[in-house]
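Next up, query-v7.cif (mmCIF, C-alpha atoms):
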```cif
data_input
loop_
_atom_site.label_atom_id
_atom_site.label_comp_id
_atom_site.auth_asym_id
_atom_site.auth_seq_id
_atom_site.Cartn_x
_atom_site.Cartn_y
_atom_site.Cartn_z
CA MET A 24 -165.06 -13.14 -88.54
CA GLY A 25 -161.89 -12.68 -86.47
CA ILE A 26 -160.19 -10.76 -89.28
CA LEU A 27 -163.26 -8.56 -89.73
CA ASN A 28 -163.43 -7.71 -86.03
CA GLU A 29 -159.69 -6.97 -85.98
CA SER A 30 -160.13 -4.60 -88.93
CA LYS A 31 -162.95 -2.77 -87.19
CA ASN A 32 -160.94 -2.49 -83.97
CA ASP A 33 -157.99 -1.01 -85.90
CA ARG A 34 -160.31 1.51 -87.52
CA ILE A 35 -161.71 2.58 -84.14
CA ILE A 36 -158.16 3.15 -82.84
CA GLN A 37 -157.27 5.19 -85.94
CA LEU A 38 -160.46 7.25 -85.68
CA LYS A 39 -159.71 8.05 -82.05
CA ALA A 40 -156.18 9.12 -82.95
CA PHE A 41 -157.57 11.39 -85.67
CA ASP A 42 -160.16 12.83 -83.28
CA ASP A 43 -157.45 13.56 -80.73
CA THR A 44 -155.74 15.89 -83.22
CA LYS A 45 -158.78 18.23 -82.92
CA SER A 46 -158.10 19.48 -86.46
CA GLY A 47 -161.07 17.80 -88.10
CA VAL A 48 -161.58 17.03 -91.77
CA LYS A 49 -161.38 20.70 -92.66
CA GLY A 50 -157.94 20.70 -91.04
CA LEU A 51 -156.81 18.19 -93.67
CA ILE A 52 -158.04 20.50 -96.42
CA ASP A 53 -156.41 23.58 -94.89
CA ALA A 54 -153.10 21.77 -94.35
CA ALA A 55 -152.99 20.81 -98.03
CA SER A 56 -152.88 24.52 -99.00
CA GLY A 57 -154.79 23.96 -102.21
CA LEU A 58 -152.93 20.80 -103.24
CA PRO A 59 -154.81 17.51 -103.90
CA VAL A 60 -155.85 15.83 -100.66
CA ASP A 61 -155.12 12.16 -100.05
CA VAL A 62 -158.15 10.77 -98.20
CA PRO A 63 -156.97 8.88 -95.07
CA GLU A 64 -157.77 5.17 -95.05
CA ILE A 65 -160.06 5.56 -92.03
CA PHE A 66 -162.53 7.52 -94.18
CA ILE A 67 -162.61 4.98 -97.01
CA ARG A 68 -165.68 2.77 -96.71
CA LEU A 69 -165.16 -0.94 -96.13
CA PRO A 70 -165.25 -3.15 -99.25
CA GLU A 71 -168.39 -4.92 -98.07
CA GLU A 72 -170.16 -1.56 -97.72
CA LEU A 73 -169.20 -0.54 -101.25
CA ALA A 74 -170.32 -3.92 -102.57
CA GLU A 75 -173.66 -3.59 -100.78
CA ASP A 76 -174.18 -0.18 -102.38
CA LEU A 77 -173.68 -1.62 -105.84
CA GLU A 78 -176.61 -3.97 -105.22
CA LEU A 79 -178.95 -1.10 -104.34
CA ALA A 80 -180.72 0.74 -107.12
CA ARG A 81 -181.34 4.48 -107.17
CA THR A 82 -184.77 5.95 -107.67
CA SER A 83 -185.84 9.13 -109.40
CA LEU A 84 -188.72 9.46 -106.92
CA ARG A 85 -188.49 12.56 -104.75
CA VAL A 86 -189.22 13.10 -101.07
CA PRO A 87 -192.67 14.76 -100.78
CA SER A 88 -192.80 18.54 -100.51
CA ILE A 89 -195.68 20.00 -98.48
CA ASP A 90 -196.85 23.59 -98.80
CA LEU A 91 -198.02 24.88 -95.40
CA ASN A 92 -199.85 27.83 -96.94
CA GLY A 93 -203.37 27.74 -95.45
CA VAL A 94 -202.48 25.45 -92.55
CA GLY A 95 -204.00 27.94 -90.11
CA ASP A 96 -207.47 27.74 -91.68
CA MET A 97 -208.97 25.36 -89.14
CA GLY A 98 -211.53 22.97 -90.63
CA SER A 99 -210.81 24.01 -94.21
CA SER A 100 -210.39 21.54 -97.05
CA ARG A 101 -206.91 22.98 -97.62
CA ARG A 102 -205.84 22.14 -94.07
CA GLU A 103 -207.30 18.64 -94.32
CA LYS A 104 -205.27 18.13 -97.49
CA ILE A 105 -202.08 19.17 -95.67
CA ILE A 106 -202.80 16.73 -92.84
CA GLU A 107 -203.34 13.93 -95.35
CA GLU A 108 -200.07 14.79 -97.10
CA VAL A 109 -198.23 14.67 -93.76
CA ARG A 110 -199.83 11.32 -92.92
CA HIS A 111 -198.95 9.79 -96.28
CA ALA A 112 -195.36 11.07 -96.21
CA SER A 113 -194.83 9.93 -92.60
CA GLU A 114 -196.17 6.43 -93.29
CA THR A 115 -194.49 5.80 -96.64
CA TRP A 116 -191.35 7.95 -96.70
CA GLY A 117 -190.58 8.98 -93.13
CA PHE A 118 -189.39 12.26 -94.68
CA PHE A 119 -191.00 15.38 -96.13
CA GLN A 120 -190.01 18.95 -96.92
CA VAL A 121 -192.10 21.94 -95.86
CA VAL A 122 -192.30 25.28 -97.63
CA ASN A 123 -194.14 28.47 -96.64
CA HIS A 124 -193.36 27.64 -93.03
CA GLY A 125 -193.04 31.26 -91.96
CA ILE A 126 -189.29 31.61 -91.32
CA PRO A 127 -187.89 34.54 -93.36
CA MET A 128 -185.31 33.58 -95.98
CA LYS A 129 -182.81 36.01 -94.45
CA VAL A 130 -182.92 34.13 -91.12
CA LEU A 131 -182.19 30.84 -92.91
CA GLU A 132 -179.36 32.38 -94.95
CA GLU A 133 -177.71 33.94 -91.89
CA MET A 134 -177.88 30.61 -90.04
CA MET A 135 -176.11 28.85 -92.90
CA LYS A 136 -173.47 31.59 -93.16
CA GLY A 137 -172.63 31.21 -89.48
CA VAL A 138 -172.00 27.47 -89.82
CA PRO A 139 -168.72 27.30 -91.87
CA ALA A 140 -167.46 30.65 -90.59
CA ASN A 141 -166.60 29.42 -87.14
CA TRP A 142 -165.61 25.79 -86.82
CA ARG A 143 -163.97 22.86 -88.47
CA ASP A 144 -166.47 20.02 -88.99
CA SER A 145 -169.31 20.09 -86.47
CA LEU A 146 -170.85 22.34 -83.88
CA LEU A 147 -173.18 20.64 -81.40
CA VAL A 148 -175.47 22.59 -79.08
CA ASP A 149 -176.93 20.26 -76.44
CA MET A 150 -180.23 21.57 -75.09
CA SER A 151 -181.44 18.26 -73.67
CA THR A 152 -181.65 19.58 -70.10
CA ILE A 153 -183.24 22.96 -70.91
CA THR A 154 -186.30 24.12 -72.81
CA TYR A 155 -186.04 27.26 -74.92
CA ASP A 156 -183.94 29.49 -72.66
CA LEU A 157 -180.57 28.93 -74.28
CA ASP A 158 -177.84 31.18 -72.92
CA PRO A 159 -176.46 32.95 -76.03
CA GLN A 160 -173.09 33.40 -74.33
CA GLU A 161 -172.54 29.65 -74.57
CA LEU A 162 -172.44 29.92 -78.37
CA PRO A 163 -169.41 30.97 -80.46
CA SER A 164 -169.60 34.70 -81.09
CA VAL A 165 -169.41 34.41 -84.88
CA CYS A 166 -172.67 32.46 -85.11
CA ARG A 167 -174.32 33.52 -81.84
CA ASP A 168 -176.92 35.96 -83.15
CA SER A 169 -177.85 33.92 -86.21
CA THR A 170 -178.28 30.71 -84.17
CA VAL A 171 -180.46 32.32 -81.51
CA ASP A 172 -182.55 34.03 -84.20
CA TYR A 173 -182.98 30.77 -86.11
CA LEU A 174 -183.98 28.78 -83.02
CA ASN A 175 -186.51 31.43 -82.01
CA HIS A 176 -188.06 31.41 -85.48
CA LEU A 177 -188.07 27.60 -85.55
CA LYS A 178 -190.50 27.33 -82.61
CA LYS A 179 -193.67 28.11 -84.55
CA PRO A 180 -193.18 25.79 -87.57
CA VAL A 181 -192.10 22.97 -85.24
CA ASP A 182 -195.25 23.48 -83.16
CA THR A 183 -197.24 23.34 -86.41
CA VAL A 184 -195.53 20.13 -87.53
CA PHE A 185 -196.27 18.40 -84.21
CA VAL A 186 -199.92 19.49 -84.45
CA LEU A 187 -200.16 18.11 -87.99
CA LEU A 188 -198.50 14.85 -86.96
CA SER A 189 -200.95 14.49 -84.06
CA GLU A 190 -203.94 14.97 -86.34
CA ALA A 191 -202.41 12.68 -88.97
CA LEU A 192 -202.48 9.96 -86.30
CA GLY A 193 -206.15 10.68 -85.62
CA LEU A 194 -205.40 12.36 -82.29
CA GLU A 195 -206.25 15.74 -80.78
CA PRO A 196 -204.05 18.53 -82.22
CA ASP A 197 -202.13 19.04 -78.97
CA HIS A 198 -201.55 15.36 -78.18
CA LEU A 199 -197.85 15.17 -79.01
CA LYS A 200 -197.28 18.57 -77.43
CA ARG A 201 -198.83 17.30 -74.18
CA LEU A 202 -196.38 14.42 -74.29
CA GLU A 203 -193.59 17.05 -74.42
CA CYS A 204 -192.06 15.53 -77.55
CA GLU A 205 -190.41 18.85 -78.47
CA LYS A 206 -189.09 19.73 -75.02
CA ALA A 207 -185.40 18.81 -75.35
CA ARG A 208 -183.34 19.57 -78.44
CA THR A 209 -179.89 19.11 -79.88
CA LEU A 210 -178.68 21.41 -82.65
CA ALA A 211 -176.05 19.87 -84.93
CA CYS A 212 -174.32 22.05 -87.52
CA HIS A 213 -172.15 20.16 -90.01
CA TYR A 214 -169.59 21.30 -92.55
CA TYR A 215 -168.58 18.81 -95.24
CA PRO A 216 -165.50 19.92 -97.21
CA ALA A 217 -165.27 18.98 -100.88
CA CYS A 218 -164.16 15.34 -101.02
CA PRO A 219 -161.78 14.01 -103.72
CA LYS A 220 -163.31 10.51 -103.45
CA PRO A 221 -167.04 10.96 -102.76
CA ASP A 222 -167.83 7.53 -104.24
CA GLN A 223 -165.67 5.82 -101.62
CA THR A 224 -166.56 7.89 -98.55
CA LEU A 225 -169.63 9.17 -96.73
CA GLY A 226 -170.31 12.44 -94.94
CA ILE A 227 -172.55 10.60 -92.47
CA ASN A 228 -173.02 6.82 -92.52
CA LYS A 229 -176.50 5.40 -92.98
CA HIS A 230 -178.56 5.53 -89.81
CA THR A 231 -181.92 6.42 -88.31
CA ASP A 232 -182.44 9.30 -85.86
CA THR A 233 -182.96 8.84 -82.11
CA SER A 234 -185.50 11.64 -81.96
CA PHE A 235 -189.22 12.20 -82.25
CA ILE A 236 -188.59 14.37 -85.28
CA THR A 237 -185.56 16.03 -86.83
CA VAL A 238 -185.77 19.34 -88.68
CA LEU A 239 -182.98 19.96 -91.19
CA LEU A 240 -181.87 23.09 -92.99
CA GLN A 241 -179.61 22.20 -95.92
CA ASP A 242 -177.80 24.31 -98.48
CA GLU A 243 -178.19 24.17 -102.25
CA ILE A 244 -175.46 21.53 -102.70
CA GLY A 245 -177.57 18.61 -101.49
CA GLY A 246 -176.18 15.18 -100.62
CA LEU A 247 -178.87 13.90 -98.25
CA GLU A 248 -180.18 10.51 -99.35
CA VAL A 249 -183.11 8.49 -98.01
CA MET A 250 -183.74 4.75 -98.26
CA HIS A 251 -187.12 4.26 -99.95
CA ARG A 252 -188.33 0.83 -101.05
CA ASN A 253 -184.78 -0.46 -100.84
CA GLN A 254 -183.52 2.30 -103.14
CA TRP A 255 -181.60 5.51 -102.43
CA ALA A 256 -183.59 8.67 -103.13
CA ASP A 257 -182.12 12.18 -103.17
CA VAL A 258 -183.60 14.87 -100.96
CA GLU A 259 -183.37 17.61 -103.56
CA PRO A 260 -182.64 21.04 -102.04
CA ILE A 261 -185.59 23.45 -102.27
CA PRO A 262 -184.70 27.09 -101.53
CA GLY A 263 -186.12 28.08 -98.15
CA ALA A 264 -187.48 24.61 -97.33
CA LEU A 265 -187.09 22.70 -94.09
CA VAL A 266 -186.64 18.92 -94.22
CA VAL A 267 -188.59 17.01 -91.58
CA ASN A 268 -188.00 13.36 -90.79
CA ILE A 269 -189.64 10.93 -88.42
CA GLY A 270 -187.29 9.62 -85.73
CA ASP A 271 -187.24 6.27 -83.91
CA LEU A 272 -189.13 7.66 -80.93
CA LEU A 273 -192.14 8.77 -82.98
CA GLN A 274 -192.21 5.45 -84.81
CA ILE A 275 -192.55 3.83 -81.38
CA LEU A 276 -195.26 6.24 -80.19
CA SER A 277 -197.20 5.72 -83.44
CA ASN A 278 -196.98 1.95 -82.93
CA ASP A 279 -195.21 1.50 -86.28
CA LYS A 280 -197.59 3.68 -88.31
CA PHE A 281 -194.99 6.37 -88.98
CA LYS A 282 -191.58 5.24 -90.20
CA SER A 283 -188.10 6.21 -89.08
CA VAL A 284 -186.09 5.42 -92.19
CA ILE A 285 -182.42 4.96 -92.93
CA HIS A 286 -180.67 7.96 -94.46
CA ARG A 287 -177.14 9.20 -95.06
CA ALA A 288 -175.14 12.19 -96.29
CA THR A 289 -172.80 11.92 -99.25
CA GLY A 290 -169.88 14.15 -100.18
CA ASN A 291 -169.34 16.37 -103.20
CA LYS A 292 -166.13 16.31 -105.22
CA THR A 293 -165.94 20.04 -105.97
CA GLN A 294 -168.09 21.88 -103.44
CA ALA A 295 -168.33 22.06 -99.65
CA ARG A 296 -171.73 21.39 -98.08
CA THR A 297 -173.32 22.69 -94.87
CA SER A 298 -176.40 21.60 -92.94
CA VAL A 299 -178.13 22.44 -89.67
CA ALA A 300 -180.19 19.73 -87.96
CA CYS A 301 -182.34 20.14 -84.86
CA PHE A 302 -183.23 16.89 -83.09
CA TYR A 303 -186.28 16.87 -80.79
CA HIS A 304 -185.81 14.26 -78.06
CA GLY A 305 -188.67 14.90 -75.63
CA VAL A 306 -188.04 14.70 -71.88
CA VAL A 307 -184.62 13.25 -71.06
CA THR A 308 -184.33 14.23 -67.39
CA PRO A 309 -186.03 13.57 -65.08
CA PRO A 310 -186.91 10.23 -66.73
CA LYS A 311 -190.31 10.16 -68.43
CA ILE A 312 -191.94 6.94 -69.58
CA TYR A 313 -192.93 6.87 -73.25
CA GLY A 314 -194.58 4.12 -75.26
CA PRO A 315 -197.11 3.44 -78.01
CA ILE A 316 -200.04 5.86 -77.68
CA GLU A 317 -203.05 4.08 -76.15
CA GLU A 318 -205.53 5.55 -78.63
CA ILE A 319 -203.56 4.04 -81.52
CA VAL A 320 -203.21 0.52 -80.10
CA THR A 321 -206.22 -1.59 -81.08
CA LYS A 322 -207.18 -5.23 -81.50
CA GLU A 323 -206.45 -4.90 -85.20
CA SER A 324 -203.20 -3.03 -84.49
CA PRO A 325 -201.76 -4.56 -81.28
CA GLN A 326 -198.86 -2.99 -79.40
CA VAL A 327 -195.51 -3.78 -81.02
CA PHE A 328 -193.13 -1.78 -78.78
CA ARG A 329 -192.39 -1.72 -75.06
CA GLU A 330 -192.34 1.42 -72.95
CA PHE A 331 -189.00 3.21 -72.57
CA THR A 332 -187.28 6.33 -71.28
CA VAL A 333 -185.42 8.54 -73.73
CA LYS A 334 -182.23 8.35 -71.67
CA ASP A 335 -182.29 4.55 -71.68
CA TYR A 336 -183.04 4.42 -75.40
CA LEU A 337 -180.18 6.78 -76.20
CA MET A 338 -177.75 4.77 -74.07
CA LYS A 339 -178.71 1.53 -75.82
CA PHE A 340 -178.59 3.13 -79.25
CA TYR A 341 -175.09 4.55 -78.83
CA SER A 342 -173.75 1.31 -77.36
CA ARG A 343 -175.01 -0.72 -80.33
CA GLY A 344 -172.68 -2.63 -82.63
CA LEU A 345 -171.16 -0.96 -85.67
CA ASP A 346 -173.36 -3.00 -88.01
CA GLU A 347 -176.63 -1.89 -86.42
CA LYS A 348 -178.27 1.09 -88.12
CA SER A 349 -181.31 1.48 -85.83
CA GLY A 350 -182.09 0.90 -82.17
CA LEU A 351 -185.77 0.01 -82.61
CA ASN A 352 -185.16 -3.69 -81.98
CA TYR A 353 -184.23 -2.84 -78.39
CA VAL A 354 -187.85 -2.01 -77.60
CA ARG A 355 -189.71 -4.09 -80.16
CA ILE A 356 -191.91 -6.75 -78.56
#
```
Show how you would write the structure in this file as structure tokens.
Amino acid sequence: MGILNESKNDRIIQLKAFDDTKSGVKGLIDAASGLPVDVPEIFIRLPEELAEDLELARTSLRVPSIDLNGVGDMGSSRREKIIEEVRHASETWGFFQVVNHGIPMKVLEEMMKGVPANWRDSLLVDMSTITYDLDPQELPSVCRDSTVDYLNHLKKPVDTVFVLLSEALGLEPDHLKRLECEKARTLACHYYPACPKPDQTLGINKHTDTSFITVLLQDEIGGLEVMHRNQWADVEPIPGALVVNIGDLLQILSNDKFKSVIHRATGNKTQARTSVACFYHGVVTPPKIYGPIEEIVTKESPQVFREFTVKDYLMKFYSRGLDEKSGLNYVRI
């Protein structure tokens, strides 16, 4: 155990030194000037991680895709079918893709173009203390217009998803909206350069999200994988689709009905990959108490989580040990 801890401590020191260079992974690619890139040791996964992966099977099953066409026809059989599809996907997969969500393809394409044009590896836009009035001047000029346009267009489909999730839980359509689950957001744009050793590295390590929901726009390269029945499943890119996943906070509110599942991003040997994720955290400040929804807790389904504030949950999640992939145990009764 001592040797393992020492190895992890060394890796943390090396990661900090790399971060201090401010050049990012793309900086390694650019510095190579087209020559083969030697992947630094800090990006090579630990032997025990690689061994664990060998024990996990892969599945040909695909994350559910839900067509939102007809979702506005209140009381229709089509709308009821959509709600049932959302319920099933949220309970069994924790992930689903939505198509016909109303955002024009051009808006999605421009958002993706703005991602690799400006920065090295990641661009984070923290909107946890504001609602929807983002100051465009705080964004890099090269992606300013496309980001603001995308966020504005994202409002309506996100509202629709929260309504569907509310009804899938047997609640009034505006229940999750009244809880302000979509109030605070963080936009995370990631660029993953082509990786010479994708089988030994990861774009993003396996984890769950500390959000109510996360909405992801991914390019045609793919690489997002979801843990389903102890097997890795690909989230196949669908042109124009948005990927929605249940976060830890909604699993808590649903009293374990909806699942926040482990997922990761893998690299590609020949092609760069880009993605844009928007995390919906609810009210961070001033502190708001969240917990399992009263209408869901019953004698047959007793409460399994304690109440929490988002700020406290985030602090505990990000102070967790390196081996912990989810923070749900912090609030599980």
Exactly which residues make up the result of the PyMOL selection byres ((chain A and resi 203) around 10) on this file, given as a ChimeraX atom specification? /A:197-202,204-207,303-306,311
Could you work out how far atom CA of A:Asp242 lies from atom CA of A:His176, giving the answer in Å with one decimal? 18.0 Å
Using only C-alpha atoms, which protein or nucleic acid residues come within 9 Å of A:Arg81? Drop anything in the same chain fewer than 6 positions from it, and give the result as an MDAnalysis selection string. chainID A and resid 253:257
Keeping C-alpha atoms for every residue in the selection just given, could you write it to a file as a JSON list (two decimals), keeping the file's coordinate frame?
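Final output, saved to again_25.json:
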```json
[["chain", "number", "residue", "atom", "x", "y", "z"],
["A", 253, "ASN", "CA", -184.78, -0.46, -100.84],
["A", 254, "GLN", "CA", -183.52, 2.30, -103.14],
["A", 255, "TRP", "CA", -181.60, 5.51, -102.43],
["A", 256, "ALA", "CA", -183.59, 8.67, -103.13],
["A", 257, "ASP", "CA", -182.12, 12.18, -103.17]]
```
For atom CA of A:Leu91 and atom CA of A:Asn123, quote the distance in Å rounded to one decimal. 5.4 Å
Which is closer to A:Arg355 than all the others in A:Thr183, A:Asn278, A:Asn175, A:Thr308, using all atoms listed in the file? A:Asn278
Shortest interatomic distance to A:Ser277 - which of A:Glu195, A:Asp168, A:Asp149, A:Glu114, counting all atoms listed in the file: A:Glu114
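Atom pair atom CA of A:Arg287 / atom CA of A:Val249 has a distance of 6.7 Å (rounded to one decimal).
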Proximity to A:Val238 - best of A:Ala217, A:Leu188, A:Val258, A:Leu210, only C-alpha atoms: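 Closest to A:Val238 of all the choices is A:Leu210.
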Shell of 8 Å around stretch 321-326 of chain A, all atoms listed in the file, local chain residues under 3 positions omitted, as a ChimeraX atom specification: /A:278,315,318,329,356
Using the chain letters and numbering of this document, enumerate as a PyMOL selection string the residues selected by the PyMOL selection byres ((chain A and resi 94) around 9). chain A and resi 90-93+95-97+99+101-103+105-106+183+187
Can you write just those residues out, C-alpha atoms, as a short mmCIF file (atom, residue, chain, number, x, y, z; two decimals), in the frame of the given file?
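And here is the file that came out, part.cif:
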```
data_model
loop_
_atom_site.label_atom_id
_atom_site.label_comp_id
_atom_site.auth_asym_id
_atom_site.auth_seq_id
_atom_site.Cartn_x
_atom_site.Cartn_y
_atom_site.Cartn_z
CA ASP A 90 -196.85 23.59 -98.80
CA LEU A 91 -198.02 24.88 -95.40
CA ASN A 92 -199.85 27.83 -96.94
CA GLY A 93 -203.37 27.74 -95.45
CA GLY A 95 -204.00 27.94 -90.11
CA ASP A 96 -207.47 27.74 -91.68
CA MET A 97 -208.97 25.36 -89.14
CA SER A 99 -210.81 24.01 -94.21
CA ARG A 101 -206.91 22.98 -97.62
CA ARG A 102 -205.84 22.14 -94.07
CA GLU A 103 -207.30 18.64 -94.32
CA ILE A 105 -202.08 19.17 -95.67
CA ILE A 106 -202.80 16.73 -92.84
CA THR A 183 -197.24 23.34 -86.41
CA LEU A 187 -200.16 18.11 -87.99
#
```
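If you measure from each of A:Ser151, A:Ser342, A:Ser298, A:Thr231 to A:Gly137 using all atoms listed in the file, the closest one turns out to be A:Ser298.
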So, counting only C-alpha atoms, which residue among A:Val121, A:Val184, A:Ile275, A:Ala112 is closest to A:Gly314?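 Of the candidates, the smallest distance to A:Gly314 is held by A:Ile275.
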